[in-house]
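File shown here: structure.txt, holding compact mmCIF, C-alpha atoms.
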```txt
# COMPACT_ATOMS: atom_id res chain seq x y z
CA LYS A 29 120.80 21.66 25.45
CA ASN A 30 118.65 19.95 28.05
CA GLN A 31 120.20 16.65 29.08
CA VAL A 32 119.83 14.00 31.74
CA GLU A 33 122.80 11.73 32.44
CA GLN A 34 122.53 8.64 34.62
CA SER A 35 125.24 6.54 36.19
CA PRO A 36 126.21 3.83 36.38
CA GLN A 37 124.81 2.35 33.19
CA SER A 38 124.39 -0.99 34.92
CA LEU A 39 124.93 -2.36 38.40
CA ILE A 40 124.96 -5.81 39.97
CA ILE A 41 124.53 -6.20 43.73
CA LEU A 42 123.79 -8.98 46.19
CA GLU A 43 120.38 -9.30 47.75
CA GLY A 44 120.18 -7.37 51.00
CA LYS A 45 122.81 -4.80 50.02
CA ASN A 46 122.19 -1.10 49.53
CA CYS A 47 122.92 0.86 46.38
CA THR A 48 122.75 4.39 45.03
CA LEU A 49 121.96 5.47 41.50
CA GLN A 50 122.94 8.88 40.20
CA CYS A 51 121.24 11.40 37.93
CA ASN A 52 122.84 14.63 36.73
CA TYR A 53 120.85 17.07 34.67
CA THR A 54 121.33 20.25 32.70
CA VAL A 55 117.72 21.29 32.36
CA SER A 56 116.47 24.82 32.59
CA PRO A 57 114.11 26.05 33.76
CA PHE A 58 113.58 23.12 36.08
CA SER A 59 110.08 22.04 37.05
CA ASN A 60 110.35 18.67 38.77
CA LEU A 61 112.27 15.39 38.76
CA ARG A 62 110.84 11.90 38.82
CA TRP A 63 112.36 8.49 39.22
CA TYR A 64 110.62 5.68 37.36
CA LYS A 65 111.11 1.94 37.75
CA GLN A 66 110.77 -0.19 34.64
CA ASP A 67 110.56 -3.95 35.05
CA THR A 68 111.64 -6.05 32.08
CA GLY A 69 108.88 -6.17 29.49
CA ARG A 70 106.73 -3.61 31.30
CA GLY A 71 106.09 0.11 31.14
CA PRO A 72 107.77 2.54 33.59
CA VAL A 73 106.08 3.19 36.93
CA SER A 74 106.66 6.37 38.95
CA LEU A 75 108.53 5.93 42.25
CA THR A 76 109.01 9.51 43.47
CA ILE A 77 108.63 13.10 42.36
CA MET A 78 110.54 16.10 43.70
CA THR A 79 110.13 19.77 43.03
CA PHE A 80 112.76 22.49 43.36
CA SER A 81 112.22 23.01 47.08
CA GLU A 82 112.34 19.34 48.10
CA ASN A 83 115.58 17.65 49.17
CA THR A 84 114.42 14.14 50.02
CA LYS A 85 111.46 11.94 49.19
CA SER A 86 110.96 8.37 50.32
CA ASN A 87 108.81 5.54 49.01
CA GLY A 88 109.33 2.47 51.14
CA ARG A 89 112.90 1.26 50.63
CA TYR A 90 113.47 3.87 47.92
CA THR A 91 114.80 7.29 48.90
CA ALA A 92 115.41 10.00 46.35
CA THR A 93 117.45 13.13 46.99
CA LEU A 94 117.70 16.32 45.01
CA ASP A 95 120.35 19.03 45.06
CA ALA A 96 118.99 21.78 42.85
CA ASP A 97 122.17 23.83 43.20
CA THR A 98 124.42 21.15 41.73
CA LYS A 99 121.63 19.72 39.57
CA GLN A 100 122.09 16.24 40.91
CA SER A 101 119.67 13.61 42.13
CA SER A 102 120.22 10.18 43.59
CA LEU A 103 118.03 7.17 44.23
CA HIS A 104 119.06 5.07 47.20
CA ILE A 105 117.71 1.54 47.55
CA THR A 106 117.93 0.00 50.98
CA ALA A 107 118.10 -3.73 51.71
CA SER A 108 117.70 -4.70 48.08
CA GLN A 109 115.39 -7.50 47.02
CA LEU A 110 115.33 -9.65 43.91
CA SER A 111 112.24 -7.74 42.80
CA ASP A 112 114.31 -4.55 42.65
CA SER A 113 115.97 -5.89 39.50
CA ALA A 114 114.82 -3.39 36.88
CA SER A 115 115.80 -0.31 34.95
CA TYR A 116 115.57 2.98 36.86
CA ILE A 117 114.89 6.05 34.79
CA CYS A 118 115.42 9.65 35.86
CA VAL A 119 113.04 12.10 34.17
CA VAL A 120 113.30 15.87 34.46
CA SER A 121 110.50 18.27 33.56
CA ALA A 122 111.44 21.58 32.01
CA LEU A 123 109.19 24.54 31.51
CA ASN A 124 109.20 25.99 28.01
CA GLN A 125 107.10 28.26 25.84
CA ALA A 126 104.90 25.35 24.77
CA GLY A 127 104.28 24.25 28.34
CA THR A 128 106.34 21.48 29.85
CA ALA A 129 108.82 19.11 28.25
CA LEU A 130 110.13 15.85 29.66
CA ILE A 131 113.78 14.88 29.34
CA PHE A 132 114.42 11.19 29.92
CA GLY A 133 117.67 9.65 31.07
CA LYS A 134 118.84 6.40 29.48
CA GLY A 135 118.35 4.54 32.73
CA THR A 136 120.43 2.40 35.06
CA THR A 137 119.92 -1.33 34.86
CA LEU A 138 120.05 -2.89 38.31
CA SER A 139 120.46 -6.63 38.80
CA VAL A 140 119.99 -8.05 42.28
CA SER A 141 121.34 -11.55 42.72
CA SER A 142 120.87 -14.06 45.52
CA ASN B 26 90.56 -0.05 36.45
CA ALA B 27 92.69 -1.49 33.69
CA GLY B 28 94.82 1.70 33.50
CA VAL B 29 96.56 2.00 30.15
CA THR B 30 96.30 -0.90 27.74
CA GLN B 31 98.00 -1.43 24.39
CA THR B 32 97.26 -3.74 21.51
CA PRO B 33 98.90 -5.67 20.06
CA LYS B 34 101.70 -6.77 22.39
CA PHE B 35 103.92 -8.04 19.59
CA ARG B 36 103.97 -7.56 15.84
CA VAL B 37 106.26 -8.40 12.97
CA LEU B 38 105.95 -6.40 9.76
CA LYS B 39 107.65 -6.46 6.41
CA THR B 40 109.14 -3.25 5.06
CA GLY B 41 106.44 -1.15 3.45
CA GLN B 42 103.53 -2.66 5.34
CA SER B 43 101.24 -0.52 7.43
CA MET B 44 99.73 -1.02 10.86
CA THR B 45 97.98 0.76 13.70
CA LEU B 46 98.80 0.50 17.38
CA LEU B 47 95.91 1.10 19.74
CA CYS B 48 96.19 2.67 23.18
CA ALA B 49 93.27 2.89 25.58
CA GLN B 50 93.00 4.43 29.05
CA ASP B 51 90.16 4.33 31.53
CA MET B 52 91.37 7.05 33.92
CA ASN B 53 89.68 9.97 32.12
CA HIS B 54 93.08 11.54 31.41
CA GLU B 55 93.30 14.50 29.07
CA TYR B 56 96.91 14.00 27.94
CA MET B 57 98.11 10.97 26.02
CA TYR B 58 101.53 10.19 24.56
CA TRP B 59 103.33 7.78 22.29
CA TYR B 60 107.00 6.96 22.96
CA ARG B 61 109.52 4.63 21.44
CA GLN B 62 112.27 2.96 23.42
CA ASP B 63 115.42 1.69 21.75
CA PRO B 64 118.39 -0.10 23.35
CA GLY B 65 120.84 2.32 24.93
CA MET B 66 118.53 5.28 24.48
CA GLY B 67 116.01 7.00 26.67
CA LEU B 68 112.33 7.10 25.87
CA ARG B 69 111.66 9.43 22.97
CA LEU B 70 108.36 11.18 22.40
CA ILE B 71 106.77 10.54 19.00
CA HIS B 72 103.44 12.37 19.22
CA TYR B 73 101.14 13.52 21.97
CA SER B 74 97.61 14.78 22.50
CA VAL B 75 96.34 17.36 24.96
CA GLY B 76 92.71 16.37 24.53
CA GLU B 77 90.14 14.71 22.31
CA GLY B 78 90.56 15.77 18.70
CA THR B 79 94.04 17.25 19.19
CA THR B 80 97.49 15.92 18.30
CA ALA B 81 100.98 17.39 18.26
CA LYS B 82 104.44 16.33 17.17
CA GLY B 83 107.04 15.22 19.63
CA GLU B 84 110.75 14.66 19.28
CA VAL B 85 110.71 11.94 16.57
CA PRO B 86 107.43 12.21 14.60
CA ASP B 87 108.62 11.30 11.10
CA GLY B 88 107.06 8.16 9.66
CA TYR B 89 104.21 8.11 12.17
CA ASN B 90 100.71 9.52 12.32
CA VAL B 91 98.27 9.66 15.22
CA SER B 92 94.61 10.24 15.90
CA ARG B 93 92.58 10.98 19.05
CA LEU B 94 88.96 10.66 17.98
CA LYS B 95 87.86 9.59 21.46
CA LYS B 96 89.23 10.82 24.75
CA GLN B 97 90.09 7.33 25.94
CA ASN B 98 91.87 6.18 22.77
CA PHE B 99 95.08 7.24 21.07
CA LEU B 100 96.10 5.52 17.84
CA LEU B 101 99.59 5.38 16.36
CA GLY B 102 99.88 4.56 12.68
CA LEU B 103 102.78 3.48 10.53
CA GLU B 104 101.88 4.00 6.89
CA SER B 105 104.96 2.36 5.37
CA ALA B 106 107.04 0.58 7.95
CA ALA B 107 110.85 0.73 7.80
CA PRO B 108 113.45 -1.36 9.66
CA SER B 109 114.43 1.81 11.57
CA GLN B 110 111.01 1.67 13.21
CA THR B 111 111.84 -1.60 14.94
CA SER B 112 111.39 -0.66 18.56
CA VAL B 113 109.27 -1.01 21.67
CA TYR B 114 106.40 1.45 21.67
CA PHE B 115 104.88 2.76 24.88
CA CYS B 116 101.68 4.69 25.30
CA ALA B 117 101.16 6.87 28.37
CA SER B 118 98.52 9.18 29.79
CA SER B 119 98.35 11.89 32.45
CA PHE B 120 95.92 14.30 34.10
CA GLN B 121 95.12 17.79 32.86
CA ARG B 122 98.37 19.33 34.07
CA GLY B 123 100.21 17.60 31.26
CA PHE B 124 103.86 16.75 30.97
CA GLY B 125 104.82 17.70 34.50
CA ASP B 126 102.26 15.36 35.94
CA GLU B 127 102.81 11.66 36.56
CA GLN B 128 102.49 9.67 33.38
CA PHE B 129 100.96 6.22 33.52
CA PHE B 130 102.44 3.86 30.99
CA GLY B 131 101.01 0.90 29.14
CA PRO B 132 102.83 -2.45 28.92
CA GLY B 133 104.36 -1.71 25.52
CA THR B 134 104.20 -3.11 21.98
CA ARG B 135 107.29 -4.80 20.59
CA LEU B 136 107.45 -4.14 16.84
CA THR B 137 109.91 -5.75 14.46
CA VAL B 138 110.17 -4.56 10.88
CA LEU B 139 111.97 -6.95 8.56
```

Could you take the file, read its structure, and then write that structure out as structure tokens?
Amino acid sequence: KNQVEQSPQSLIILEGKNCTLQCNYTVSPFSNLRWYKQDTGRGPVSLTIMTFSENTKSNGRYTATLDADTKQSSLHITASQLSDSASYICVVSALNQAGTALIFGKGTTLSVSS
Amino acid sequence: NAGVTQTPKFRVLKTGQSMTLLCAQDMNHEYMYWYRQDPGMGLRLIHYSVGEGTTAKGEVPDGYNVSRLKKQNFLLGLESAAPSQTSVYFCASSFQRGFGDEQFFGPGTRLTVL
């Protein structure tokens, strides 16, 4: 069964600190992996996308990594800001007979405090 | 561009009542989707559309109907609302490549069924 597991479920850090969020998946065949940021009361917004051949992708202070062999991805946030407080969702695309299916993780809730 | 908009933002229904959620996008996207998001769970696909006049079932379609009479609009209907349908509903759209492509989400509709 295709699954996406994220850890930790929630995280609290001080402003200015770095943090890393994890995403493990059992999705086959793999197409791509996205990280979305969802602010409270808003819809998710895409941060990065990585295909099978990509190891690292950066978007400002956000850096995503992908290890297709171990089926793991991480999202590293550098020098956190209060505005980084949000839920971060890992989404994996799988190719199937009908086309492409998306498997959503449950998300990691990040709280950045001053 | 407004992107993806949803109406209404909030709604309270009594069990058995019906309602329609409206989603509109101004990006000329072919694909549109309806998701529900419940606490502790990832986004789950209710229905989707691959173009004007087409609809298809997603992961949790029971109790919902949809229509895509115009390319820019995607309607989600609840014919007889149940408390189990209390949730936050998100509409999304993407370019022709479909599920693997970046999905742009609306701000969500918070629905409570009493």

remark   = Using only C-alpha atoms, the shortest atom-to-atom distance to chain A among B:Val85, B:Leu101, B:Leu68, B:Val91 belongs to B:Leu68

Mind listing as a CSV table (one decimal) with C-alpha atoms, keeping the file's coordinate frame all residues within 9 Å of (119.7, 14.4, 34.2), counting only C-alpha atoms?
```csv
chain,number,residue,atom,x,y,z
A,30,ASN,CA,118.6,20.0,28.0
A,31,GLN,CA,120.2,16.6,29.1
A,32,VAL,CA,119.8,14.0,31.7
A,33,GLU,CA,122.8,11.7,32.4
A,34,GLN,CA,122.5,8.6,34.6
A,50,GLN,CA,122.9,8.9,40.2
A,51,CYS,CA,121.2,11.4,37.9
A,52,ASN,CA,122.8,14.6,36.7
A,53,TYR,CA,120.8,17.1,34.7
A,54,THR,CA,121.3,20.2,32.7
A,55,VAL,CA,117.7,21.3,32.4
A,61,LEU,CA,112.3,15.4,38.8
A,99,LYS,CA,121.6,19.7,39.6
A,100,GLN,CA,122.1,16.2,40.9
A,101,SER,CA,119.7,13.6,42.1
A,118,CYS,CA,115.4,9.6,35.9
A,119,VAL,CA,113.0,12.1,34.2
A,120,VAL,CA,113.3,15.9,34.5
A,131,ILE,CA,113.8,14.9,29.3
A,132,PHE,CA,114.4,11.2,29.9
A,133,GLY,CA,117.7,9.6,31.1
```

Produce the centre coordinates and the three edge lengths, each in Å to one decimal, of the box along x, y and z that contains all listed atoms of region 48-60 of chain A with 4 Å added on each side, as lines of an AutoDock Vina configuration file.
```
center_x = 116.5
center_y = 15.2
center_z = 38.7
size_x = 20.9
size_y = 29.7
size_z = 20.7
```

inquiry  = Restricting the calculation to only C-alpha atoms: of B:Gln31, B:Asn90, B:Ser74, B:Gln50, which residue gets closest to Val113 (chain B)?
reply    = B:Gln31

task = Pull out every residue of chain B that has at least one atom within 12 Å of chain A, counting only C-alpha atoms, and report them as a PyMOL selection string.
result = chain B and resi 28-31+34-35+58+60-70+73+75+81-84+113-119+122-135

inquiry  = Could you check the closest approach to Gly76 (chain B) for each of B:Ala27, B:Ala106, B:Met57, B:Met52 and tell me which residue wins, using all atoms listed in the file?
reply    =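 Result for the nearest residue to Gly76 (chain B): B:Met57.
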